[in-house]
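Undergrad: File coords22.pdb below, PDB, C-alpha atoms:
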ATOM      1  CA  MET A   1      29.439  49.894  63.925  1.00  0.00           C
ATOM      2  CA  PRO A   2      28.352  50.277  67.528  1.00  0.00           C
ATOM      3  CA  SER A   3      30.546  48.819  70.280  1.00  0.00           C
ATOM      4  CA  SER A   4      31.462  45.295  69.337  1.00  0.00           C
ATOM      5  CA  PRO A   5      29.308  42.512  70.774  1.00  0.00           C
ATOM      6  CA  SER A   6      30.870  39.574  72.625  1.00  0.00           C
ATOM      7  CA  PRO A   7      32.280  36.888  70.309  1.00  0.00           C
ATOM      8  CA  LEU A   8      30.709  34.339  72.648  1.00  0.00           C
ATOM      9  CA  ASP A   9      27.091  34.146  73.828  1.00  0.00           C
ATOM     10  CA  GLY A  10      23.904  35.460  72.292  1.00  0.00           C
ATOM     11  CA  PRO A  11      23.685  35.811  68.531  1.00  0.00           C
ATOM     12  CA  ALA A  12      27.421  35.041  68.204  1.00  0.00           C
ATOM     13  CA  ASP A  13      26.816  31.435  69.258  1.00  0.00           C
ATOM     14  CA  GLY A  14      23.884  30.989  66.908  1.00  0.00           C
ATOM     15  CA  LEU A  15      25.677  32.540  63.947  1.00  0.00           C
ATOM     16  CA  ALA A  16      28.784  30.447  64.594  1.00  0.00           C
ATOM     17  CA  ALA A  17      26.563  27.367  64.774  1.00  0.00           C
ATOM     18  CA  ALA A  18      24.902  28.212  61.445  1.00  0.00           C
ATOM     19  CA  SER A  19      28.321  28.545  59.848  1.00  0.00           C
ATOM     20  CA  ALA A  20      29.666  25.336  61.423  1.00  0.00           C
ATOM     21  CA  LEU A  21      26.584  23.353  60.409  1.00  0.00           C
ATOM     22  CA  ARG A  22      26.896  24.605  56.830  1.00  0.00           C
ATOM     23  CA  ALA A  23      30.502  23.390  56.733  1.00  0.00           C
ATOM     24  CA  ILE A  24      29.480  19.996  58.105  1.00  0.00           C
ATOM     25  CA  ALA A  25      26.652  19.733  55.569  1.00  0.00           C
ATOM     26  CA  ASP A  26      29.141  20.432  52.766  1.00  0.00           C
ATOM     27  CA  GLU A  27      31.596  17.846  54.066  1.00  0.00           C
ATOM     28  CA  MET A  28      28.839  15.289  54.434  1.00  0.00           C
ATOM     29  CA  GLU A  29      27.580  15.941  50.909  1.00  0.00           C
ATOM     30  CA  ASP A  30      31.093  15.455  49.505  1.00  0.00           C
ATOM     31  CA  ALA A  31      31.534  12.208  51.403  1.00  0.00           C
ATOM     32  CA  GLU A  32      28.113  10.787  50.579  1.00  0.00           C
ATOM     33  CA  VAL A  33      28.177  11.707  46.900  1.00  0.00           C
ATOM     34  CA  GLU A  34      31.519   9.942  46.671  1.00  0.00           C
ATOM     35  CA  ARG A  35      30.148   6.916  48.499  1.00  0.00           C
ATOM     36  CA  ALA A  36      27.066   6.763  46.273  1.00  0.00           C
ATOM     37  CA  MET A  37      29.057   7.036  43.053  1.00  0.00           C
ATOM     38  CA  ARG A  38      31.442   4.316  44.246  1.00  0.00           C
ATOM     39  CA  ALA A  39      28.384   2.168  44.842  1.00  0.00           C
ATOM     40  CA  GLY A  40      27.364   2.712  41.226  1.00  0.00           C
ATOM     41  CA  TRP A  41      24.660   5.352  41.613  1.00  0.00           C
ATOM     42  CA  THR A  42      24.047   7.576  38.584  1.00  0.00           C
ATOM     43  CA  TRP A  43      24.331  11.359  38.621  1.00  0.00           C
ATOM     44  CA  SER A  44      20.547  11.526  38.290  1.00  0.00           C
ATOM     45  CA  GLN A  45      19.976   9.314  41.310  1.00  0.00           C
ATOM     46  CA  VAL A  46      22.365  11.327  43.449  1.00  0.00           C
ATOM     47  CA  ALA A  47      20.749  14.560  42.283  1.00  0.00           C
ATOM     48  CA  GLU A  48      17.266  13.274  43.029  1.00  0.00           C
ATOM     49  CA  ALA A  49      18.283  12.115  46.513  1.00  0.00           C
ATOM     50  CA  LEU A  50      19.825  15.510  47.216  1.00  0.00           C
ATOM     51  CA  GLY A  51      16.898  17.360  45.715  1.00  0.00           C
ATOM     52  CA  VAL A  52      19.006  19.334  43.253  1.00  0.00           C
ATOM     53  CA  THR A  53      19.594  19.173  39.504  1.00  0.00           C
ATOM     54  CA  ARG A  54      21.966  16.693  37.905  1.00  0.00           C
ATOM     55  CA  GLN A  55      23.923  19.598  36.467  1.00  0.00           C
ATOM     56  CA  ALA A  56      24.444  21.047  39.932  1.00  0.00           C
ATOM     57  CA  VAL A  57      25.832  17.774  41.307  1.00  0.00           C
ATOM     58  CA  HIS A  58      28.014  17.325  38.247  1.00  0.00           C
ATOM     59  CA  LYS A  59      29.439  20.815  38.470  1.00  0.00           C
ATOM     60  CA  LYS A  60      30.116  20.591  42.181  1.00  0.00           C
ATOM     61  CA  HIS A  61      31.548  17.079  42.412  1.00  0.00           C
ATOM     62  CA  LEU A  62      32.934  15.888  39.067  1.00  0.00           C
ATOM     63  CA  ARG A  63      36.490  17.043  39.642  1.00  0.00           C
ATOM     64  CA  ARG A  64      36.795  15.372  43.005  1.00  0.00           C
ATOM     65  CA  LEU A  65      35.218  12.136  41.799  1.00  0.00           C
ATOM     66  CA  LEU A  66      37.682  12.000  38.905  1.00  0.00           C
ATOM     67  CA  LEU A  67      40.526  12.586  41.351  1.00  0.00           C
ATOM     68  CA  ALA A  68      39.161   9.760  43.487  1.00  0.00           C
ATOM     69  CA  GLN A  69      39.329   7.610  40.325  1.00  0.00           C
ATOM     70  CA  ILE A  70      35.755   6.502  40.673  1.00  0.00           C
ATOM     71  CA  GLU A  71      34.312   4.830  37.624  1.00  0.00           C
ATOM     72  CA  LEU A  72      31.340   7.019  36.789  1.00  0.00           C
ATOM     73  CA  ARG A  73      28.246   5.356  35.384  1.00  0.00           C
ATOM     74  CA  ARG A  74      26.611   6.866  32.391  1.00  0.00           C
ATOM     75  CA  ARG A  75      23.059   6.258  31.398  1.00  0.00           C
ATOM     76  CA  SER A  76      22.296   6.507  27.690  1.00  0.00           C
ATOM     77  CA  GLY A  77      21.779  10.133  26.878  1.00  0.00           C
ATOM     78  CA  GLU A  78      23.732  11.391  29.929  1.00  0.00           C
TER      79      GLU A  78
ATOM     80  CA  MET B   1      41.747  43.845  45.551  1.00  0.00           C
ATOM     81  CA  ASN B   2      41.423  40.341  44.180  1.00  0.00           C
ATOM     82  CA  SER B   3      44.840  40.464  42.577  1.00  0.00           C
ATOM     83  CA  LEU B   4      46.230  40.675  46.082  1.00  0.00           C
ATOM     84  CA  PHE B   5      44.861  37.231  46.678  1.00  0.00           C
ATOM     85  CA  GLY B   6      46.174  35.356  43.701  1.00  0.00           C
ATOM     86  CA  ASP B   7      46.419  32.460  46.130  1.00  0.00           C
ATOM     87  CA  ARG B   8      50.031  31.777  45.422  1.00  0.00           C
ATOM     88  CA  THR B   9      52.552  31.107  48.097  1.00  0.00           C
ATOM     89  CA  ALA B  10      54.945  33.283  46.127  1.00  0.00           C
ATOM     90  CA  ILE B  11      52.786  36.321  46.742  1.00  0.00           C
ATOM     91  CA  LEU B  12      52.910  35.827  50.479  1.00  0.00           C
ATOM     92  CA  VAL B  13      56.636  35.228  50.311  1.00  0.00           C
ATOM     93  CA  SER B  14      57.057  38.439  48.360  1.00  0.00           C
ATOM     94  CA  TRP B  15      55.040  40.159  51.060  1.00  0.00           C
ATOM     95  CA  GLY B  16      57.692  39.150  53.532  1.00  0.00           C
ATOM     96  CA  LEU B  17      56.390  35.940  55.055  1.00  0.00           C
ATOM     97  CA  GLY B  18      58.698  32.951  55.032  1.00  0.00           C
ATOM     98  CA  PRO B  19      57.863  30.156  52.582  1.00  0.00           C
ATOM     99  CA  ASN B  20      57.516  27.685  55.427  1.00  0.00           C
ATOM    100  CA  ILE B  21      54.823  29.760  57.097  1.00  0.00           C
ATOM    101  CA  ALA B  22      52.938  30.189  53.844  1.00  0.00           C
ATOM    102  CA  ARG B  23      53.097  26.437  53.235  1.00  0.00           C
ATOM    103  CA  GLN B  24      52.006  25.812  56.807  1.00  0.00           C
ATOM    104  CA  PHE B  25      48.747  27.738  56.148  1.00  0.00           C
ATOM    105  CA  GLU B  26      47.689  25.005  53.778  1.00  0.00           C
ATOM    106  CA  ILE B  27      48.923  22.198  56.021  1.00  0.00           C
ATOM    107  CA  GLU B  28      46.850  23.518  58.935  1.00  0.00           C
ATOM    108  CA  ALA B  29      43.753  24.028  56.750  1.00  0.00           C
ATOM    109  CA  LYS B  30      43.965  20.520  55.296  1.00  0.00           C
ATOM    110  CA  ARG B  31      44.533  19.006  58.720  1.00  0.00           C
ATOM    111  CA  ASP B  32      41.302  20.714  59.754  1.00  0.00           C
ATOM    112  CA  GLY B  33      39.531  19.298  56.692  1.00  0.00           C
ATOM    113  CA  ALA B  34      38.760  22.847  55.552  1.00  0.00           C
ATOM    114  CA  LYS B  35      38.163  23.896  51.965  1.00  0.00           C
ATOM    115  CA  TYR B  36      39.652  27.328  52.447  1.00  0.00           C
ATOM    116  CA  ILE B  37      42.512  28.749  54.434  1.00  0.00           C
ATOM    117  CA  GLU B  38      40.833  30.718  57.222  1.00  0.00           C
ATOM    118  CA  ALA B  39      42.248  33.045  59.885  1.00  0.00           C
ATOM    119  CA  GLU B  40      42.481  30.224  62.430  1.00  0.00           C
ATOM    120  CA  HIS B  41      44.706  28.211  60.072  1.00  0.00           C
ATOM    121  CA  MET B  42      47.003  31.189  59.578  1.00  0.00           C
ATOM    122  CA  LEU B  43      47.167  31.668  63.341  1.00  0.00           C
ATOM    123  CA  LEU B  44      47.984  27.988  63.852  1.00  0.00           C
ATOM    124  CA  ALA B  45      50.686  28.282  61.160  1.00  0.00           C
ATOM    125  CA  LEU B  46      52.236  31.324  62.823  1.00  0.00           C
ATOM    126  CA  MET B  47      52.265  29.502  66.154  1.00  0.00           C
ATOM    127  CA  ALA B  48      53.765  26.365  64.603  1.00  0.00           C
ATOM    128  CA  ASP B  49      56.869  28.453  63.930  1.00  0.00           C
ATOM    129  CA  ARG B  50      58.179  28.132  67.473  1.00  0.00           C
ATOM    130  CA  GLY B  51      60.649  30.885  68.191  1.00  0.00           C
ATOM    131  CA  GLY B  52      59.136  33.078  65.481  1.00  0.00           C
ATOM    132  CA  ALA B  53      58.112  36.612  66.353  1.00  0.00           C
ATOM    133  CA  ALA B  54      54.372  35.870  66.270  1.00  0.00           C
ATOM    134  CA  ALA B  55      54.613  32.647  68.279  1.00  0.00           C
ATOM    135  CA  THR B  56      56.776  34.427  70.845  1.00  0.00           C
ATOM    136  CA  ALA B  57      54.249  37.248  71.189  1.00  0.00           C
ATOM    137  CA  MET B  58      51.442  34.744  71.772  1.00  0.00           C
ATOM    138  CA  MET B  59      53.547  32.696  74.188  1.00  0.00           C
ATOM    139  CA  GLU B  60      53.703  35.766  76.411  1.00  0.00           C
ATOM    140  CA  SER B  61      49.941  35.388  76.758  1.00  0.00           C
ATOM    141  CA  GLY B  62      50.330  31.732  77.584  1.00  0.00           C
ATOM    142  CA  LEU B  63      49.174  30.364  74.247  1.00  0.00           C
ATOM    143  CA  ASP B  64      51.181  27.921  72.168  1.00  0.00           C
ATOM    144  CA  HIS B  65      50.226  25.873  69.108  1.00  0.00           C
ATOM    145  CA  ASP B  66      48.829  22.946  71.091  1.00  0.00           C
ATOM    146  CA  ARG B  67      46.764  25.142  73.397  1.00  0.00           C
ATOM    147  CA  LEU B  68      45.372  27.052  70.433  1.00  0.00           C
ATOM    148  CA  HIS B  69      44.487  23.801  68.720  1.00  0.00           C
ATOM    149  CA  LYS B  70      42.693  22.663  71.862  1.00  0.00           C
ATOM    150  CA  ALA B  71      40.891  26.017  72.155  1.00  0.00           C
ATOM    151  CA  LEU B  72      39.693  25.729  68.555  1.00  0.00           C
ATOM    152  CA  GLU B  73      38.380  22.229  69.259  1.00  0.00           C
ATOM    153  CA  ASP B  74      36.603  23.526  72.358  1.00  0.00           C
ATOM    154  CA  GLU B  75      35.116  26.339  70.306  1.00  0.00           C
ATOM    155  CA  HIS B  76      33.827  23.899  67.685  1.00  0.00           C
ATOM    156  CA  ARG B  77      32.324  21.670  70.365  1.00  0.00           C
ATOM    157  CA  ARG B  78      30.652  24.614  72.090  1.00  0.00           C
ATOM    158  CA  THR B  79      29.294  25.929  68.784  1.00  0.00           C
ATOM    159  CA  LEU B  80      27.764  22.616  67.769  1.00  0.00           C
ATOM    160  CA  ALA B  81      26.400  22.055  71.273  1.00  0.00           C
ATOM    161  CA  PHE B  82      24.498  25.318  70.891  1.00  0.00           C
ATOM    162  CA  ALA B  83      22.617  23.663  68.015  1.00  0.00           C
ATOM    163  CA  GLY B  84      22.155  20.485  70.067  1.00  0.00           C
ATOM    164  CA  MET B  85      24.747  18.612  68.035  1.00  0.00           C
ATOM    165  CA  SER B  86      28.104  16.998  68.392  1.00  0.00           C
ATOM    166  CA  ALA B  87      30.723  16.686  65.678  1.00  0.00           C
ATOM    167  CA  PRO B  88      30.141  13.800  63.250  1.00  0.00           C
ATOM    168  CA  SER B  89      32.782  11.065  63.176  1.00  0.00           C
ATOM    169  CA  LYS B  90      35.702  11.678  60.828  1.00  0.00           C
ATOM    170  CA  GLU B  91      34.785   8.635  58.753  1.00  0.00           C
ATOM    171  CA  LEU B  92      31.318  10.000  58.111  1.00  0.00           C
ATOM    172  CA  VAL B  93      32.631  13.156  56.463  1.00  0.00           C
ATOM    173  CA  GLN B  94      35.771  11.719  54.884  1.00  0.00           C
ATOM    174  CA  ALA B  95      35.980  12.649  51.192  1.00  0.00           C
ATOM    175  CA  THR B  96      38.760  12.764  48.639  1.00  0.00           C
ATOM    176  CA  ALA B  97      40.578  16.065  48.953  1.00  0.00           C
ATOM    177  CA  LEU B  98      41.161  18.263  45.943  1.00  0.00           C
ATOM    178  CA  GLU B  99      44.874  18.539  45.372  1.00  0.00           C
ATOM    179  CA  SER B 100      44.983  22.063  44.021  1.00  0.00           C
ATOM    180  CA  PRO B 101      46.309  24.783  46.334  1.00  0.00           C
ATOM    181  CA  LEU B 102      43.656  25.972  48.740  1.00  0.00           C
ATOM    182  CA  THR B 103      42.439  29.517  48.341  1.00  0.00           C
ATOM    183  CA  PHE B 104      41.969  32.019  51.139  1.00  0.00           C
ATOM    184  CA  GLY B 105      38.630  32.211  52.887  1.00  0.00           C
ATOM    185  CA  THR B 106      36.968  35.467  53.890  1.00  0.00           C
ATOM    186  CA  SER B 107      38.383  35.588  57.419  1.00  0.00           C
ATOM    187  CA  ALA B 108      41.930  35.064  56.087  1.00  0.00           C
ATOM    188  CA  LYS B 109      41.546  37.768  53.442  1.00  0.00           C
ATOM    189  CA  SER B 110      40.248  40.212  56.028  1.00  0.00           C
ATOM    190  CA  ALA B 111      43.164  39.428  58.355  1.00  0.00           C
ATOM    191  CA  ILE B 112      45.727  39.914  55.561  1.00  0.00           C
ATOM    192  CA  ARG B 113      44.061  43.179  54.574  1.00  0.00           C
ATOM    193  CA  ARG B 114      44.190  44.461  58.145  1.00  0.00           C
ATOM    194  CA  GLY B 115      47.785  43.261  58.453  1.00  0.00           C
ATOM    195  CA  LEU B 116      48.753  45.133  55.301  1.00  0.00           C
ATOM    196  CA  ILE B 117      47.186  48.287  56.674  1.00  0.00           C
ATOM    197  CA  ALA B 118      49.178  47.793  59.876  1.00  0.00           C
ATOM    198  CA  THR B 119      52.368  47.525  57.800  1.00  0.00           C
ATOM    199  CA  ARG B 120      51.722  50.887  56.199  1.00  0.00           C
ATOM    200  CA  VAL B 121      51.328  52.641  59.506  1.00  0.00           C
ATOM    201  CA  GLY B 122      54.485  54.592  60.209  1.00  0.00           C
ATOM    202  CA  ARG B 123      56.328  53.283  57.183  1.00  0.00           C
ATOM    203  CA  ARG B 124      57.293  54.808  53.891  1.00  0.00           C
ATOM    204  CA  GLY B 125      57.480  53.205  50.496  1.00  0.00           C
ATOM    205  CA  ARG B 126      54.793  51.899  48.261  1.00  0.00           C
ATOM    206  CA  ARG B 127      55.604  48.241  48.514  1.00  0.00           C
ATOM    207  CA  ALA B 128      53.652  46.514  51.222  1.00  0.00           C
ATOM    208  CA  ARG B 129      55.552  43.827  53.049  1.00  0.00           C
ATOM    209  CA  ILE B 130      53.608  41.986  55.649  1.00  0.00           C
ATOM    210  CA  ARG B 131      55.591  40.415  58.437  1.00  0.00           C
ATOM    211  CA  GLU B 132      54.575  37.723  60.895  1.00  0.00           C
ATOM    212  CA  THR B 133      53.719  40.133  63.677  1.00  0.00           C
ATOM    213  CA  GLU B 134      51.664  42.325  61.344  1.00  0.00           C
ATOM    214  CA  LEU B 135      49.718  39.344  60.092  1.00  0.00           C
ATOM    215  CA  LEU B 136      49.226  38.329  63.712  1.00  0.00           C
ATOM    216  CA  VAL B 137      47.821  41.786  64.484  1.00  0.00           C
ATOM    217  CA  GLY B 138      45.524  41.491  61.446  1.00  0.00           C
ATOM    218  CA  ILE B 139      44.263  38.135  62.713  1.00  0.00           C
ATOM    219  CA  LEU B 140      43.825  39.328  66.306  1.00  0.00           C
ATOM    220  CA  GLN B 141      41.942  42.457  65.278  1.00  0.00           C
ATOM    221  CA  ALA B 142      38.906  40.375  64.273  1.00  0.00           C
ATOM    222  CA  GLU B 143      36.274  40.955  66.929  1.00  0.00           C
ATOM    223  CA  LEU B 144      33.878  38.229  65.886  1.00  0.00           C
ATOM    224  CA  GLY B 145      34.289  34.773  64.422  1.00  0.00           C
ATOM    225  CA  THR B 146      36.170  31.585  65.154  1.00  0.00           C
ATOM    226  CA  VAL B 147      39.498  33.087  66.271  1.00  0.00           C
ATOM    227  CA  PRO B 148      38.123  35.578  68.823  1.00  0.00           C
ATOM    228  CA  ARG B 149      35.757  32.871  70.098  1.00  0.00           C
ATOM    229  CA  ALA B 150      38.599  30.385  70.589  1.00  0.00           C
ATOM    230  CA  LEU B 151      40.814  33.017  72.207  1.00  0.00           C
ATOM    231  CA  ALA B 152      38.024  34.063  74.563  1.00  0.00           C
ATOM    232  CA  ILE B 153      37.541  30.421  75.539  1.00  0.00           C
ATOM    233  CA  ALA B 154      41.307  30.107  76.129  1.00  0.00           C
ATOM    234  CA  GLY B 155      41.225  33.284  78.233  1.00  0.00           C
ATOM    235  CA  VAL B 156      43.617  35.196  75.977  1.00  0.00           C
ATOM    236  CA  ASP B 157      43.234  38.977  75.893  1.00  0.00           C
ATOM    237  CA  ARG B 158      43.557  39.816  72.176  1.00  0.00           C
ATOM    238  CA  THR B 159      43.821  43.542  72.689  1.00  0.00           C
ATOM    239  CA  ALA B 160      46.653  43.129  75.206  1.00  0.00           C
ATOM    240  CA  VAL B 161      48.665  41.099  72.672  1.00  0.00           C
ATOM    241  CA  ILE B 162      48.028  43.713  69.976  1.00  0.00           C
ATOM    242  CA  SER B 163      49.119  46.552  72.286  1.00  0.00           C
ATOM    243  CA  ARG B 164      52.297  44.709  73.233  1.00  0.00           C
ATOM    244  CA  ILE B 165      53.213  44.131  69.588  1.00  0.00           C
ATOM    245  CA  MET B 166      52.448  47.725  68.623  1.00  0.00           C
ATOM    246  CA  GLU B 167      54.571  49.056  71.491  1.00  0.00           C
ATOM    247  CA  SER B 168      57.551  46.892  70.606  1.00  0.00           C
ATOM    248  CA  GLU B 169      57.496  47.919  66.923  1.00  0.00           C
TER     249      GLU B 169
END
Output the file's structure as structure tokens, nothing else.

TA:
Amino acid sequence: MPSSPSPLDGPADGLAAASALRAIADEMEDAEVERAMRAGWTWSQVAEALGVTRQAVHKKHLRRLLLAQIELRRRSGE
Amino acid sequence: MNSLFGDRTAILVSWGLGPNIARQFEIEAKRDGAKYIEAEHMLLALMADRGGAAATAMMESGLDHDRLHKALEDEHRRTLAFAGMSAPSKELVQATALESPLTFGTSAKSAIRRGLIATRVGRRGRRARIRETELLVGILQAELGTVPRALAIAGVDRTAVISRIMESE
């Protein structure tokens, strides 16, 4: 690697911002999925609102929602 | 290499870090709302051990736990401001935390790896034992990322701290 660039300024700021925004997006998704499921949304509705598959939401959030003791709604066939 | 990071406090203790420090990693990460233990959480944990070798070395550069915490907040604010944002309110991103032990993030793994290499320098024996100061060196050797950004904002010269530690070993 050539001489190390400054940890501040230039691309370092933009890359740090990308990383920080990703973390915030993750936190916000966790919080909002939890809120939606508490409000009685189905997995499918949450998935559709997020623009991902139901399986993806399920895989990512089920454990936390169970820990939060949220009563999860099931549609027939889900 | 993954077996090194079995994510058990016991492993870190067996490496030579006190159990309180290892536990503090997780406390600092959870306080930050993080999903992984990152280098900044390890640094905060080392500095929370007032009187410890690592905290003492950093104190000589004028940085204590509270100042580091403030510098990390400043760094976060500066980073988000770059994207034209400010941090969302805590309530907005409040979710139920997973209880399981947190695993190490990439920056923490890199710091531990560098610290382990530092332990091998000038020492015999196959068993690596990482001490507080060696972990501190591993953390401070990162040239890019959250820790060097926060330290630059706080006006701390990383390389000077590393040199001082190396000389006193």

Undergrad: Expand the PyMOL selection byres ((chain B) within 12 of (chain A)) into the explicit residue set it covers here, and present it as a PyMOL selection string.

TA: chain B and resi 32-36+75-100+141-155+158

Undergrad: Quick one: everything within 10 Å of Ala29 of chain B, counting all atoms listed in the file, minus sequence neighbours fewer than 3 positions away in the same chain. Send it as a PyMOL selection string.

TA: chain B and resi 24-26+32-42+44-45+102+104

Undergrad: Could you work out how far atom CA of Leu72 of chain A lies from atom CA of Gln45 of chain A, giving the answer in Å with one decimal?

TA: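 Answer for the atom CA of Gln45 of chain A to atom CA of Leu72 of chain A separation: 12.4 Å.
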
Undergrad: If you measure from atom CA of Ser110 of chain B to atom CA of Lys59 of chain A, what distance in Å do you get, rounded to one decimal?

TA: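 For atom CA of Ser110 of chain B relative to atom CA of Lys59 of chain A, the distance reads 28.3 Å.
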
Undergrad: Starting from the shown file, work through the PyMOL selection byres ((chain A and resi 40-43) around 10) and note down what comes out as a count of residues only.

TA: 28

Undergrad: Return the single residue from B:Leu17, B:Ala22, B:Leu140, B:Ile112 that is closest to Asp157 of chain B, with distances computed using only C-alpha atoms.

TA: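 Of all the options, B:Leu140 lies closest to Asp157 of chain B.
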
Undergrad: Report, as lines of an AutoDock Vina configuration file, the axis-aligned box around all atoms of segment 94-113 of chain B present in the file, extended by 3 Å on each side; give centre and edge lengths in Å to one decimal place.

TA:
center_x = 41.0
center_y = 27.4
center_z = 51.2
size_x = 16.5
size_y = 37.5
size_z = 20.3

Undergrad: One number please: atom CA of Ile165 of chain B to atom CA of Arg31 of chain B, in Å, one decimal.

TA: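 Going from atom CA of Ile165 of chain B over to atom CA of Arg31 of chain B covers 28.7 Å.
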
Undergrad: Enumerate, as an mmCIF file with C-alpha atoms, in the frame of the given file, the residues matched when the PyMOL selection byres ((chain B and resi 21) around 12) is run on the file above.

TA:
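Here's the written file selection_5.cif:
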data_model
loop_
_atom_site.group_PDB
_atom_site.id
_atom_site.type_symbol
_atom_site.label_atom_id
_atom_site.label_comp_id
_atom_site.auth_asym_id
_atom_site.auth_seq_id
_atom_site.Cartn_x
_atom_site.Cartn_y
_atom_site.Cartn_z
ATOM 1 C CA THR B 9 52.552 31.107 48.097
ATOM 2 C CA ALA B 10 54.945 33.283 46.127
ATOM 3 C CA LEU B 12 52.910 35.827 50.479
ATOM 4 C CA VAL B 13 56.636 35.228 50.311
ATOM 5 C CA GLY B 16 57.692 39.150 53.532
ATOM 6 C CA LEU B 17 56.390 35.940 55.055
ATOM 7 C CA GLY B 18 58.698 32.951 55.032
ATOM 8 C CA PRO B 19 57.863 30.156 52.582
ATOM 9 C CA ASN B 20 57.516 27.685 55.427
ATOM 10 C CA ALA B 22 52.938 30.189 53.844
ATOM 11 C CA ARG B 23 53.097 26.437 53.235
ATOM 12 C CA GLN B 24 52.006 25.812 56.807
ATOM 13 C CA PHE B 25 48.747 27.738 56.148
ATOM 14 C CA GLU B 26 47.689 25.005 53.778
ATOM 15 C CA ILE B 27 48.923 22.198 56.021
ATOM 16 C CA GLU B 28 46.850 23.518 58.935
ATOM 17 C CA HIS B 41 44.706 28.211 60.072
ATOM 18 C CA MET B 42 47.003 31.189 59.578
ATOM 19 C CA LEU B 43 47.167 31.668 63.341
ATOM 20 C CA LEU B 44 47.984 27.988 63.852
ATOM 21 C CA ALA B 45 50.686 28.282 61.160
ATOM 22 C CA LEU B 46 52.236 31.324 62.823
ATOM 23 C CA MET B 47 52.265 29.502 66.154
ATOM 24 C CA ALA B 48 53.765 26.365 64.603
ATOM 25 C CA ASP B 49 56.869 28.453 63.930
ATOM 26 C CA ARG B 50 58.179 28.132 67.473
ATOM 27 C CA GLY B 52 59.136 33.078 65.481
ATOM 28 C CA ALA B 53 58.112 36.612 66.353
ATOM 29 C CA ALA B 54 54.372 35.870 66.270
ATOM 30 C CA ALA B 55 54.613 32.647 68.279
ATOM 31 C CA ARG B 131 55.591 40.415 58.437
ATOM 32 C CA GLU B 132 54.575 37.723 60.895
ATOM 33 C CA LEU B 135 49.718 39.344 60.092
#

Undergrad: Because some atoms of segment 25-36 of chain A are absent here, can you restore N, CA and C atoms and send them as a short mmCIF file (atom, residue, chain, number, x, y, z; two decimals), in the coordinates of the input?

TA:
data_model
loop_
_atom_site.label_atom_id
_atom_site.label_comp_id
_atom_site.auth_asym_id
_atom_site.auth_seq_id
_atom_site.Cartn_x
_atom_site.Cartn_y
_atom_site.Cartn_z
N ALA A 25 27.54 20.18 56.64
CA ALA A 25 26.65 19.73 55.57
C ALA A 25 27.43 19.58 54.26
N ASP A 26 28.31 20.51 53.98
CA ASP A 26 29.14 20.43 52.77
C ASP A 26 30.05 19.20 52.79
N GLU A 27 30.69 19.00 53.94
CA GLU A 27 31.60 17.85 54.07
C GLU A 27 30.82 16.55 53.89
N MET A 28 29.63 16.51 54.50
CA MET A 28 28.84 15.29 54.43
C MET A 28 28.37 15.04 53.00
N GLU A 29 28.01 16.11 52.31
CA GLU A 29 27.58 15.94 50.91
C GLU A 29 28.73 15.39 50.07
N ASP A 30 29.92 15.95 50.24
CA ASP A 30 31.09 15.46 49.50
C ASP A 30 31.28 13.96 49.75
N ALA A 31 31.27 13.60 51.03
CA ALA A 31 31.53 12.21 51.40
C ALA A 31 30.46 11.27 50.86
N GLU A 32 29.20 11.69 50.98
CA GLU A 32 28.11 10.79 50.58
C GLU A 32 27.96 10.68 49.07
N VAL A 33 28.22 11.77 48.36
CA VAL A 33 28.18 11.71 46.90
C VAL A 33 29.25 10.73 46.42
N GLU A 34 30.42 10.83 47.04
CA GLU A 34 31.52 9.94 46.67
C GLU A 34 31.13 8.47 46.95
N ARG A 35 30.55 8.27 48.12
CA ARG A 35 30.15 6.92 48.50
C ARG A 35 29.11 6.37 47.51
N ALA A 36 28.13 7.19 47.17
CA ALA A 36 27.07 6.76 46.27
C ALA A 36 27.62 6.42 44.89
#
